[in-house]
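> Sharing coords-v5.pdb (PDB, C-alpha atoms) below.
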```pdb
ATOM      1  CA  MET X   1       2.509  28.545  18.366  1.00  0.00           C
ATOM      2  CA  ALA X   2       0.474  26.045  20.363  1.00  0.00           C
ATOM      3  CA  THR X   3      -2.073  23.991  18.512  1.00  0.00           C
ATOM      4  CA  LYS X   4      -5.679  23.833  19.639  1.00  0.00           C
ATOM      5  CA  ARG X   5      -6.139  20.343  18.215  1.00  0.00           C
ATOM      6  CA  PRO X   6      -6.985  17.681  20.811  1.00  0.00           C
ATOM      7  CA  ARG X   7      -4.089  15.430  21.779  1.00  0.00           C
ATOM      8  CA  THR X   8      -3.757  11.926  23.114  1.00  0.00           C
ATOM      9  CA  THR X   9      -0.981   9.600  24.192  1.00  0.00           C
ATOM     10  CA  ILE X  10      -0.621   6.039  22.977  1.00  0.00           C
ATOM     11  CA  SER X  11       1.872   3.373  23.980  1.00  0.00           C
ATOM     12  CA  PHE X  12       3.161   0.553  21.778  1.00  0.00           C
ATOM     13  CA  ASP X  13       5.064  -2.632  22.375  1.00  0.00           C
ATOM     14  CA  SER X  14       8.659  -2.289  21.199  1.00  0.00           C
ATOM     15  CA  ASP X  15       8.173  -4.569  18.196  1.00  0.00           C
ATOM     16  CA  GLU X  16       5.060  -2.671  17.127  1.00  0.00           C
ATOM     17  CA  TYR X  17       6.877   0.653  17.352  1.00  0.00           C
ATOM     18  CA  VAL X  18       9.809  -0.673  15.313  1.00  0.00           C
ATOM     19  CA  ALA X  19       7.336  -1.824  12.645  1.00  0.00           C
ATOM     20  CA  LEU X  20       5.671   1.606  12.667  1.00  0.00           C
ATOM     21  CA  GLU X  21       9.063   3.315  12.354  1.00  0.00           C
ATOM     22  CA  LYS X  22       9.930   1.207   9.308  1.00  0.00           C
ATOM     23  CA  TRP X  23       6.539   1.852   7.743  1.00  0.00           C
ATOM     24  CA  ALA X  24       6.761   5.592   8.427  1.00  0.00           C
ATOM     25  CA  LYS X  25      10.280   5.762   7.025  1.00  0.00           C
ATOM     26  CA  SER X  26       9.153   4.006   3.826  1.00  0.00           C
ATOM     27  CA  GLU X  27       6.537   6.744   3.353  1.00  0.00           C
ATOM     28  CA  PHE X  28       8.855   9.603   4.379  1.00  0.00           C
ATOM     29  CA  ARG X  29       6.704  10.341   7.435  1.00  0.00           C
ATOM     30  CA  SER X  30       7.217  10.496  11.152  1.00  0.00           C
ATOM     31  CA  VAL X  31       5.526   7.877  13.323  1.00  0.00           C
ATOM     32  CA  PRO X  32       2.962  10.417  14.627  1.00  0.00           C
ATOM     33  CA  GLN X  33       2.129  11.472  11.054  1.00  0.00           C
ATOM     34  CA  LEU X  34       1.715   7.833  10.029  1.00  0.00           C
ATOM     35  CA  VAL X  35      -0.499   7.066  13.020  1.00  0.00           C
ATOM     36  CA  SER X  36      -2.630  10.112  12.188  1.00  0.00           C
ATOM     37  CA  VAL X  37      -3.084   8.892   8.604  1.00  0.00           C
ATOM     38  CA  ILE X  38      -3.966   5.376   9.799  1.00  0.00           C
ATOM     39  CA  ILE X  39      -6.556   6.760  12.223  1.00  0.00           C
ATOM     40  CA  LYS X  40      -8.088   9.044   9.564  1.00  0.00           C
ATOM     41  CA  LYS X  41      -8.423   6.117   7.135  1.00  0.00           C
ATOM     42  CA  ALA X  42      -9.955   3.923   9.847  1.00  0.00           C
ATOM     43  CA  LEU X  43     -12.484   6.640  10.704  1.00  0.00           C
ATOM     44  CA  ILE X  44     -13.422   7.030   7.030  1.00  0.00           C
ATOM     45  CA  GLU X  45     -13.908   3.257   6.683  1.00  0.00           C
ATOM     46  CA  LYS X  46     -15.948   3.155   9.904  1.00  0.00           C
ATOM     47  CA  ASN X  47     -18.130   6.019   8.681  1.00  0.00           C
ATOM     48  CA  LEU X  48     -18.658   4.340   5.312  1.00  0.00           C
ATOM     49  CA  SER X  49     -19.584   1.004   6.869  1.00  0.00           C
ATOM     50  CA  GLU X  50     -22.029   2.675   9.271  1.00  0.00           C
ATOM     51  CA  THR X  51     -23.535   4.691   6.420  1.00  0.00           C
ATOM     52  CA  GLN X  52     -24.015   1.554   4.356  1.00  0.00           C
ATOM     53  CA  ALA X  53     -25.505  -0.332   7.313  1.00  0.00           C
ATOM     54  CA  HIS X  54     -27.995   2.445   8.018  1.00  0.00           C
ATOM     55  CA  SER X  55     -28.931   3.183   4.424  1.00  0.00           C
ATOM     56  CA  SER X  56     -32.071   1.693   2.983  1.00  0.00           C
ATOM     57  CA  GLN X  57     -31.836  -1.815   1.646  1.00  0.00           C
ATOM     58  CA  VAL X  58     -31.130  -1.798  -2.061  1.00  0.00           C
ATOM     59  CA  ASN X  59     -31.886  -4.766  -4.253  1.00  0.00           C
ATOM     60  CA  LEU X  60     -28.837  -5.361  -6.426  1.00  0.00           C
ATOM     61  CA  SER X  61     -31.039  -6.791  -9.162  1.00  0.00           C
ATOM     62  CA  ASP X  62     -32.364  -3.252  -9.627  1.00  0.00           C
ATOM     63  CA  PHE X  63     -28.955  -2.386 -11.052  1.00  0.00           C
ATOM     64  CA  GLN X  64     -28.555  -5.397 -13.333  1.00  0.00           C
ATOM     65  CA  PRO X  65     -29.002  -4.826 -17.064  1.00  0.00           C
ATOM     66  CA  GLU X  66     -32.221  -6.214 -18.422  1.00  0.00           C
ATOM     67  CA  ASN X  67     -32.017  -9.266 -20.669  1.00  0.00           C
ATOM     68  CA  LYS X  68     -33.283  -7.770 -23.899  1.00  0.00           C
ATOM     69  CA  THR X  69     -32.544  -9.159 -27.287  1.00  0.00           C
ATOM     70  CA  ASN X  70     -30.741  -6.825 -29.600  1.00  0.00           C
ATOM     71  CA  GLU X  71     -33.314  -5.668 -32.128  1.00  0.00           C
ATOM     72  CA  HIS X  72     -30.617  -4.967 -34.708  1.00  0.00           C
ATOM     73  CA  SER X  73     -28.890  -8.333 -34.587  1.00  0.00           C
ATOM     74  CA  THR X  74     -29.684 -10.984 -37.127  1.00  0.00           C
ATOM     75  CA  SER X  75     -29.599 -14.750 -36.707  1.00  0.00           C
ATOM     76  CA  ARG X  76     -27.413 -16.706 -39.059  1.00  0.00           C
TER      77      ARG X  76
END
```
With the file now loaded, output its structure as structure tokens.

Amino acid sequence: MATKRPRTTISFDSDEYVALEKWAKSEFRSVPQLVSVIIKKALIEKNLSETQAHSSQVNLSDFQPENKTNEHSTSR
């Protein structure tokens, strides 16, 4: 059954492809499966970085615990 997913072709230098084959083999994947996983992770990271760049500026000091003295502690 033919897939309706979009397809693309990519070419690698021989040494890059050998490295991808070794990596894929170590993860019990084919090279196309490995490349798909790498692309998905890159897209997630790209989306996260864009989301963080476009989100409102947050002051990290807003998340720091306040310096309060412990009311129950005693000095010795």
> Assuming the chain letters and numbering stay as they are in my file, what does the PyMOL selection byres ((chain X and resi 35) around 12) actually select? List them as an MDAnalysis selection string.
chainID X and resid 8:12 16:17 19:21 23:24 27 29:34 36:42
> Measure the distance from CA of Ile44 (chain X) to CA of Pro6 (chain X) in Å and round it to one decimal.
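The value is 18.6 Å.
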> CA of Arg7 (chain X) and CA of Leu43 (chain X), how far apart in Å?
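Taking CA of Leu43 (chain X) as the start and CA of Arg7 (chain X) as the end point, the length is 16.4 Å.
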> For a test of reading the model, state the distance in Å between CA of Arg5 (chain X) and CA of Glu50 (chain X), rounded to one decimal.
25.4 Å
